[in-house]
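Enquirer: Dropping in entry-v7.pdb, with PDB, N, CA and C atoms.
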```
ATOM      1  N   MET A1495     102.206 150.146  82.605
ATOM      2  CA  MET A1495     101.912 149.002  81.778
ATOM      3  C   MET A1495     101.843 149.459  80.327
ATOM      4  N   VAL A1496     102.396 148.656  79.447
ATOM      5  CA  VAL A1496     102.343 148.926  78.022
ATOM      6  C   VAL A1496     101.519 147.815  77.389
ATOM      7  N   LEU A1497     100.544 148.192  76.580
ATOM      8  CA  LEU A1497      99.688 147.219  75.911
ATOM      9  C   LEU A1497      99.707 147.508  74.420
ATOM     10  N   ASP A1498     100.180 146.550  73.641
ATOM     11  CA  ASP A1498     100.197 146.686  72.187
ATOM     12  C   ASP A1498      98.757 146.656  71.692
ATOM     13  N   MET A1499      98.333 147.664  70.953
ATOM     14  CA  MET A1499      96.944 147.784  70.518
ATOM     15  C   MET A1499      96.606 146.924  69.304
ATOM     16  N   ASP A1500      97.607 146.266  68.698
ATOM     17  CA  ASP A1500      97.325 145.415  67.542
ATOM     18  C   ASP A1500      96.352 144.314  67.926
ATOM     19  N   ASN A1501      95.229 144.284  67.258
ATOM     20  CA  ASN A1501      94.199 143.256  67.433
ATOM     21  C   ASN A1501      93.548 143.227  68.804
ATOM     22  N   CYS A1502      93.676 144.284  69.568
ATOM     23  CA  CYS A1502      92.992 144.361  70.860
ATOM     24  C   CYS A1502      91.517 144.649  70.632
ATOM     25  N   SER A1503      90.708 144.228  71.587
ATOM     26  CA  SER A1503      89.293 144.581  71.519
ATOM     27  C   SER A1503      89.007 145.652  72.558
ATOM     28  N   VAL A1504      88.105 146.542  72.218
ATOM     29  CA  VAL A1504      87.694 147.617  73.116
ATOM     30  C   VAL A1504      86.184 147.523  73.229
ATOM     31  N   MET A1505      85.684 147.430  74.458
ATOM     32  CA  MET A1505      84.243 147.347  74.621
ATOM     33  C   MET A1505      83.782 148.001  75.909
ATOM     34  N   THR A1506      82.537 148.394  75.894
ATOM     35  CA  THR A1506      81.939 148.972  77.086
ATOM     36  C   THR A1506      81.672 147.858  78.086
ATOM     37  N   ILE A1507      81.745 148.179  79.362
ATOM     38  CA  ILE A1507      81.420 147.207  80.397
ATOM     39  C   ILE A1507      80.636 147.898  81.498
ATOM     40  N   GLU A1508      79.903 147.114  82.240
ATOM     41  CA  GLU A1508      79.164 147.622  83.390
ATOM     42  C   GLU A1508      80.028 147.416  84.629
ATOM     43  N   CYS A1509      80.302 148.473  85.337
ATOM     44  CA  CYS A1509      81.061 148.408  86.587
ATOM     45  C   CYS A1509      80.124 148.803  87.725
ATOM     46  N   GLU A1510      80.076 147.985  88.724
ATOM     47  CA  GLU A1510      79.226 148.277  89.867
ATOM     48  C   GLU A1510      79.646 149.595  90.512
ATOM     49  N   GLU A1511      78.700 150.489  90.687
ATOM     50  CA  GLU A1511      78.903 151.790  91.319
ATOM     51  C   GLU A1511      79.847 152.721  90.561
ATOM     52  N   ARG A1512      80.121 152.426  89.287
ATOM     53  CA  ARG A1512      80.969 153.295  88.472
ATOM     54  C   ARG A1512      80.309 153.495  87.114
ATOM     55  N   ARG A1513      80.509 154.667  86.564
ATOM     56  CA  ARG A1513      79.972 154.987  85.247
ATOM     57  C   ARG A1513      81.106 155.134  84.250
ATOM     58  N   TYR A1514      80.756 155.013  82.982
ATOM     59  CA  TYR A1514      81.679 155.292  81.872
ATOM     60  C   TYR A1514      82.919 154.393  81.876
ATOM     61  N   CYS A1515      82.721 153.110  82.134
ATOM     62  CA  CYS A1515      83.829 152.153  82.133
ATOM     63  C   CYS A1515      83.926 151.450  80.786
ATOM     64  N   PHE A1516      85.143 151.113  80.398
ATOM     65  CA  PHE A1516      85.377 150.331  79.193
ATOM     66  C   PHE A1516      86.597 149.459  79.415
ATOM     67  N   GLN A1517      86.691 148.412  78.616
ATOM     68  CA  GLN A1517      87.762 147.426  78.790
ATOM     69  C   GLN A1517      88.533 147.259  77.491
ATOM     70  N   ILE A1518      89.848 147.173  77.613
ATOM     71  CA  ILE A1518      90.731 146.865  76.493
ATOM     72  C   ILE A1518      91.302 145.488  76.781
ATOM     73  N   THR A1519      91.152 144.559  75.840
ATOM     74  CA  THR A1519      91.609 143.188  76.032
ATOM     75  C   THR A1519      92.566 142.797  74.919
ATOM     76  N   SER A1520      93.673 142.152  75.293
ATOM     77  CA  SER A1520      94.645 141.688  74.309
ATOM     78  C   SER A1520      94.041 140.549  73.492
ATOM     79  N   PRO A1521      94.596 140.291  72.304
ATOM     80  CA  PRO A1521      94.043 139.247  71.438
ATOM     81  C   PRO A1521      94.003 137.864  72.092
ATOM     82  N   ASN A1522      94.987 137.548  72.922
ATOM     83  CA  ASN A1522      95.010 136.231  73.555
ATOM     84  C   ASN A1522      94.140 136.174  74.814
ATOM     85  N   GLY A1523      93.582 137.303  75.213
ATOM     86  CA  GLY A1523      92.688 137.348  76.363
ATOM     87  C   GLY A1523      93.384 137.310  77.711
ATOM     88  N   ARG A1524      94.683 137.265  77.724
ATOM     89  CA  ARG A1524      95.443 137.165  78.980
ATOM     90  C   ARG A1524      95.607 138.502  79.689
ATOM     91  N   THR A1525      95.563 139.580  78.933
ATOM     92  CA  THR A1525      95.760 140.903  79.513
ATOM     93  C   THR A1525      94.549 141.771  79.205
ATOM     94  N   SER A1526      94.038 142.403  80.243
ATOM     95  CA  SER A1526      92.955 143.356  80.006
ATOM     96  C   SER A1526      93.082 144.509  80.989
ATOM     97  N   LEU A1527      92.614 145.645  80.538
ATOM     98  CA  LEU A1527      92.603 146.855  81.356
ATOM     99  C   LEU A1527      91.181 147.365  81.425
ATOM    100  N   ILE A1528      90.745 147.747  82.597
ATOM    101  CA  ILE A1528      89.458 148.402  82.744
ATOM    102  C   ILE A1528      89.746 149.845  83.101
ATOM    103  N   LEU A1529      89.203 150.739  82.298
ATOM    104  CA  LEU A1529      89.427 152.162  82.485
ATOM    105  C   LEU A1529      88.094 152.859  82.699
ATOM    106  N   GLN A1530      88.146 154.014  83.338
ATOM    107  CA  GLN A1530      86.945 154.797  83.587
ATOM    108  C   GLN A1530      87.183 156.233  83.148
ATOM    109  N   ALA A1531      86.265 156.749  82.360
ATOM    110  CA  ALA A1531      86.317 158.147  81.934
ATOM    111  C   ALA A1531      85.546 159.001  82.937
ATOM    112  N   GLU A1532      85.809 160.292  82.917
ATOM    113  CA  GLU A1532      85.155 161.206  83.845
ATOM    114  C   GLU A1532      83.787 161.670  83.360
ATOM    115  N   SER A1533      83.524 161.567  82.063
ATOM    116  CA  SER A1533      82.244 162.029  81.524
ATOM    117  C   SER A1533      81.842 161.139  80.353
ATOM    118  N   LYS A1534      80.593 161.246  79.946
ATOM    119  CA  LYS A1534      80.116 160.472  78.803
ATOM    120  C   LYS A1534      80.857 160.870  77.538
ATOM    121  N   LYS A1535      81.081 162.165  77.365
ATOM    122  CA  LYS A1535      81.806 162.653  76.187
ATOM    123  C   LYS A1535      83.218 162.083  76.144
ATOM    124  N   GLU A1536      83.922 162.119  77.266
ATOM    125  CA  GLU A1536      85.288 161.582  77.334
ATOM    126  C   GLU A1536      85.285 160.070  77.085
ATOM    127  N   TYR A1537      84.297 159.386  77.638
ATOM    128  CA  TYR A1537      84.138 157.944  77.458
ATOM    129  C   TYR A1537      83.995 157.609  75.970
ATOM    130  N   GLU A1538      83.121 158.322  75.280
ATOM    131  CA  GLU A1538      82.915 158.086  73.859
ATOM    132  C   GLU A1538      84.157 158.432  73.043
ATOM    133  N   GLU A1539      84.858 159.491  73.414
ATOM    134  CA  GLU A1539      86.088 159.875  72.713
ATOM    135  C   GLU A1539      87.174 158.822  72.875
ATOM    136  N   TRP A1540      87.326 158.289  74.095
ATOM    137  CA  TRP A1540      88.318 157.243  74.331
ATOM    138  C   TRP A1540      88.038 156.020  73.472
ATOM    139  N   ILE A1541      86.799 155.545  73.501
ATOM    140  CA  ILE A1541      86.454 154.345  72.743
ATOM    141  C   ILE A1541      86.629 154.588  71.247
ATOM    142  N   CYS A1542      86.194 155.724  70.769
ATOM    143  CA  CYS A1542      86.347 156.077  69.358
ATOM    144  C   CYS A1542      87.826 156.099  68.960
ATOM    145  N   THR A1543      88.633 156.761  69.755
ATOM    146  CA  THR A1543      90.067 156.877  69.459
ATOM    147  C   THR A1543      90.749 155.516  69.463
ATOM    148  N   LEU A1544      90.468 154.704  70.475
ATOM    149  CA  LEU A1544      91.087 153.375  70.559
ATOM    150  C   LEU A1544      90.647 152.488  69.404
ATOM    151  N   ASN A1545      89.380 152.546  69.031
ATOM    152  CA  ASN A1545      88.912 151.776  67.881
ATOM    153  C   ASN A1545      89.578 152.247  66.599
ATOM    154  N   ASN A1546      89.753 153.551  66.444
ATOM    155  CA  ASN A1546      90.419 154.082  65.256
ATOM    156  C   ASN A1546      91.880 153.649  65.187
ATOM    157  N   ILE A1547      92.559 153.625  66.327
ATOM    158  CA  ILE A1547      93.957 153.172  66.364
ATOM    159  C   ILE A1547      94.039 151.718  65.931
ATOM    160  N   SER A1548      93.194 150.886  66.504
ATOM    161  CA  SER A1548      93.202 149.469  66.165
ATOM    162  C   SER A1548      92.865 149.259  64.694
ATOM    163  N   ARG A1549      91.882 149.999  64.197
ATOM    164  CA  ARG A1549      91.494 149.886  62.787
ATOM    165  C   ARG A1549      92.635 150.329  61.882
ATOM    166  N   GLN A1550      93.293 151.428  62.233
ATOM    167  CA  GLN A1550      94.405 151.924  61.426
ATOM    168  C   GLN A1550      95.560 150.926  61.418
ATOM    169  N   ASN A1551      95.852 150.319  62.565
ATOM    170  CA  ASN A1551      96.897 149.293  62.624
ATOM    171  C   ASN A1551      96.547 148.122  61.715
ATOM    172  N   TYR A1552      95.284 147.709  61.730
ATOM    173  CA  TYR A1552      94.848 146.600  60.892
ATOM    174  C   TYR A1552      95.004 146.952  59.412
ATOM    175  N   LEU A1553      94.554 148.140  59.021
ATOM    176  CA  LEU A1553      94.642 148.539  57.620
ATOM    177  C   LEU A1553      96.084 148.729  57.167
ATOM    178  N   THR A1554      96.947 149.173  58.073
ATOM    179  CA  THR A1554      98.363 149.330  57.739
ATOM    180  C   THR A1554      99.001 147.964  57.493
ATOM    181  N   ASP A1555      98.630 146.991  58.311
ATOM    182  CA  ASP A1555      99.171 145.641  58.155
ATOM    183  C   ASP A1555      98.577 144.892  56.977
ATOM    184  N   LYS A1556      97.387 145.300  56.529
ATOM    185  CA  LYS A1556      96.684 144.620  55.441
ATOM    186  C   LYS A1556      96.240 145.632  54.389
ATOM    187  N   PRO A1557      97.184 146.167  53.620
ATOM    188  CA  PRO A1557      96.830 147.212  52.645
ATOM    189  C   PRO A1557      95.871 146.721  51.565
ATOM    190  N   GLU A1558      95.785 145.404  51.372
ATOM    191  CA  GLU A1558      94.879 144.882  50.348
ATOM    192  C   GLU A1558      93.407 144.971  50.757
ATOM    193  N   VAL A1559      93.161 145.223  52.052
ATOM    194  CA  VAL A1559      91.792 145.352  52.526
ATOM    195  C   VAL A1559      91.274 146.736  52.151
ATOM    196  N   ALA A1560      90.179 146.763  51.463
ATOM    197  CA  ALA A1560      89.615 148.052  51.036
ATOM    198  C   ALA A1560      88.940 148.737  52.210
ATOM    199  N   SER A1561      89.191 150.020  52.334
ATOM    200  CA  SER A1561      88.546 150.804  53.380
ATOM    201  C   SER A1561      87.106 151.055  52.990
ATOM    202  N   ASP A1562      86.215 150.978  53.983
ATOM    203  CA  ASP A1562      84.813 151.261  53.694
ATOM    204  C   ASP A1562      84.530 152.763  53.725
ATOM    205  N   GLY A1563      85.551 153.541  54.076
ATOM    206  CA  GLY A1563      85.425 154.991  54.047
ATOM    207  C   GLY A1563      84.776 155.587  55.271
ATOM    208  N   SER A1564      84.345 154.745  56.206
ATOM    209  CA  SER A1564      83.677 155.290  57.384
ATOM    210  C   SER A1564      84.699 155.712  58.416
ATOM    211  N   ALA A1565      84.527 156.895  58.937
ATOM    212  CA  ALA A1565      85.425 157.406  59.958
ATOM    213  C   ALA A1565      84.701 157.578  61.276
ATOM    214  N   GLY A1566      83.406 157.281  61.289
ATOM    215  CA  GLY A1566      82.603 157.460  62.491
ATOM    216  C   GLY A1566      82.865 156.388  63.518
ATOM    217  N   CYS A1567      82.368 156.635  64.723
ATOM    218  CA  CYS A1567      82.556 155.692  65.811
ATOM    219  C   CYS A1567      81.214 155.367  66.429
ATOM    220  N   ASP A1568      81.127 154.163  66.946
ATOM    221  CA  ASP A1568      79.963 153.761  67.714
ATOM    222  C   ASP A1568      80.470 153.184  69.012
ATOM    223  N   ALA A1569      80.364 153.939  70.083
ATOM    224  CA  ALA A1569      80.932 153.555  71.371
ATOM    225  C   ALA A1569      80.192 152.407  72.034
ATOM    226  N   HIS A1570      79.117 151.927  71.429
ATOM    227  CA  HIS A1570      78.334 150.893  72.068
ATOM    228  C   HIS A1570      78.580 149.520  71.488
ATOM    229  N   HIS A1571      79.519 149.393  70.580
ATOM    230  CA  HIS A1571      79.803 148.099  69.970
ATOM    231  C   HIS A1571      81.257 147.713  70.195
ATOM    232  N   GLN A1572      81.448 146.412  70.309
ATOM    233  CA  GLN A1572      82.798 145.886  70.417
ATOM    234  C   GLN A1572      83.500 146.085  69.085
ATOM    235  N   LEU A1573      84.793 146.223  69.121
ATOM    236  CA  LEU A1573      85.625 146.397  67.957
ATOM    237  C   LEU A1573      85.389 145.292  66.952
TER     238      LEU A1573
END
```
Just give me the structure as structure tokens.
Expert:
Amino acid sequence: MVLDMDNCSVMTIECEERRYCFQITSPNGRTSLILQAESKKEYEEWICTLNNISRQNYLTDKPEVASDGSAGCDAHHQL
């Protein structure tokens, strides 16, 4: 499956009997993927990386938007 990351949301989700799950949802809400990392560190890295990709795509498409300069990630918040 190929999912265009433009304007996708990435968020943590609770999965019954599974840990470190997160969901990627397309802008129209029709397509979503639920993924599971093997560790907390990997889980946080995935969410951070996906959020950075989406943010970079947004800034590339909208160069007039000023960057706030933050490069950090917060794996507990939706994009």
Enquirer: Provide an axis-aligned box for all listed atoms of segment 1509-1524 of chain A, padding each side by 8 Å; report its centre and its edge lengths in Å to one decimal, as lines of an AutoDock Vina configuration file.
Expert:
```
center_x = 87.2
center_y = 145.7
center_z = 81.4
size_x = 32.9
size_y = 35.1
size_z = 35.9
```
Enquirer: How would you write, as a list in words, the residues chosen by the PyMOL selection byres ((chain A and resi 1528) around 8) on this structure?
Expert: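 Applying the PyMOL selection byres ((chain A and resi 1528) around 8) to the structure shown produces Cys1515, Phe1516, Gln1517, Ile1518, Thr1519, Thr1525, Ser1526, Leu1527, Leu1529, Gln1530 and Ala1531 of chain A.
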Enquirer: Check the DSSP output for the backbone and give back, as an MDAnalysis selection string, the residues of chain A in strand (DSSP E).
Expert: chainID A and resid 1503:1506 1515:1519 1526:1530
Enquirer: To one decimal in Å, tell me the separation between atom C of Arg1512 of chain A and atom CA of Ile1541 of chain A.
Expert: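 We find that atom C of Arg1512 of chain A and atom CA of Ile1541 of chain A lie 15.7 Å from each other.
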Enquirer: State, in Å with one decimal place, the distance from atom C of Ser1520 of chain A to atom N of Ser1503 of chain A.
Expert: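 Interatomic distance, atom C of Ser1520 of chain A to atom N of Ser1503 of chain A: 5.3 Å.
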Enquirer: Using only C-alpha atoms, what residues lie at most 9 Å away from (79.8, 155.9, 80.3) (file coordinates), given as a PyMOL selection string?
Expert: chain A and resi 1506-1508+1512-1516+1530-1538
Enquirer: Create the file for the chosen residues now, containing N, CA and C atoms and written as a JSON list (two decimals), in the coordinates of the input.
Expert:
```json
[["chain", "number", "residue", "atom", "x", "y", "z"],
["A", 1506, "THR", "N", 82.54, 148.39, 75.89],
["A", 1506, "THR", "CA", 81.94, 148.97, 77.09],
["A", 1506, "THR", "C", 81.67, 147.86, 78.09],
["A", 1507, "ILE", "N", 81.74, 148.18, 79.36],
["A", 1507, "ILE", "CA", 81.42, 147.21, 80.40],
["A", 1507, "ILE", "C", 80.64, 147.90, 81.50],
["A", 1508, "GLU", "N", 79.90, 147.11, 82.24],
["A", 1508, "GLU", "CA", 79.16, 147.62, 83.39],
["A", 1508, "GLU", "C", 80.03, 147.42, 84.63],
["A", 1512, "ARG", "N", 80.12, 152.43, 89.29],
["A", 1512, "ARG", "CA", 80.97, 153.29, 88.47],
["A", 1512, "ARG", "C", 80.31, 153.50, 87.11],
["A", 1513, "ARG", "N", 80.51, 154.67, 86.56],
["A", 1513, "ARG", "CA", 79.97, 154.99, 85.25],
["A", 1513, "ARG", "C", 81.11, 155.13, 84.25],
["A", 1514, "TYR", "N", 80.76, 155.01, 82.98],
["A", 1514, "TYR", "CA", 81.68, 155.29, 81.87],
["A", 1514, "TYR", "C", 82.92, 154.39, 81.88],
["A", 1515, "CYS", "N", 82.72, 153.11, 82.13],
["A", 1515, "CYS", "CA", 83.83, 152.15, 82.13],
["A", 1515, "CYS", "C", 83.93, 151.45, 80.79],
["A", 1516, "PHE", "N", 85.14, 151.11, 80.40],
["A", 1516, "PHE", "CA", 85.38, 150.33, 79.19],
["A", 1516, "PHE", "C", 86.60, 149.46, 79.42],
["A", 1530, "GLN", "N", 88.15, 154.01, 83.34],
["A", 1530, "GLN", "CA", 86.94, 154.80, 83.59],
["A", 1530, "GLN", "C", 87.18, 156.23, 83.15],
["A", 1531, "ALA", "N", 86.26, 156.75, 82.36],
["A", 1531, "ALA", "CA", 86.32, 158.15, 81.93],
["A", 1531, "ALA", "C", 85.55, 159.00, 82.94],
["A", 1532, "GLU", "N", 85.81, 160.29, 82.92],
["A", 1532, "GLU", "CA", 85.16, 161.21, 83.84],
["A", 1532, "GLU", "C", 83.79, 161.67, 83.36],
["A", 1533, "SER", "N", 83.52, 161.57, 82.06],
["A", 1533, "SER", "CA", 82.24, 162.03, 81.52],
["A", 1533, "SER", "C", 81.84, 161.14, 80.35],
["A", 1534, "LYS", "N", 80.59, 161.25, 79.95],
["A", 1534, "LYS", "CA", 80.12, 160.47, 78.80],
["A", 1534, "LYS", "C", 80.86, 160.87, 77.54],
["A", 1535, "LYS", "N", 81.08, 162.16, 77.36],
["A", 1535, "LYS", "CA", 81.81, 162.65, 76.19],
["A", 1535, "LYS", "C", 83.22, 162.08, 76.14],
["A", 1536, "GLU", "N", 83.92, 162.12, 77.27],
["A", 1536, "GLU", "CA", 85.29, 161.58, 77.33],
["A", 1536, "GLU", "C", 85.28, 160.07, 77.08],
["A", 1537, "TYR", "N", 84.30, 159.39, 77.64],
["A", 1537, "TYR", "CA", 84.14, 157.94, 77.46],
["A", 1537, "TYR", "C", 84.00, 157.61, 75.97],
["A", 1538, "GLU", "N", 83.12, 158.32, 75.28],
["A", 1538, "GLU", "CA", 82.92, 158.09, 73.86],
["A", 1538, "GLU", "C", 84.16, 158.43, 73.04]]
```
Enquirer: One number please: atom N of Arg1524 of chain A to atom CA of Cys1502 of chain A, in Å, one decimal.
Expert: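 Computing it gives 10.0 Å between the two atoms.
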Enquirer: Applying the PyMOL selection byres (((chain A and resi 1548-1555 and name CA) around 8) and name CA) to the file I just gave you, which residues come out? Please list them as a list in words.
Expert: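 Output of the PyMOL selection byres (((chain A and resi 1548-1555 and name CA) around 8) and name CA): Met1499, Asp1500, Asn1501, Cys1502, Leu1544, Asn1545, Asn1546, Ile1547, Lys1556, Pro1557, Val1559 and Ser1561 of chain A.
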Enquirer: Based on DSSP run over this structure's backbone, return all residues of segment 1503-1569 of chain A in alpha helix (DSSP H), as a PyMOL selection string.
Expert: chain A and resi 1534-1555
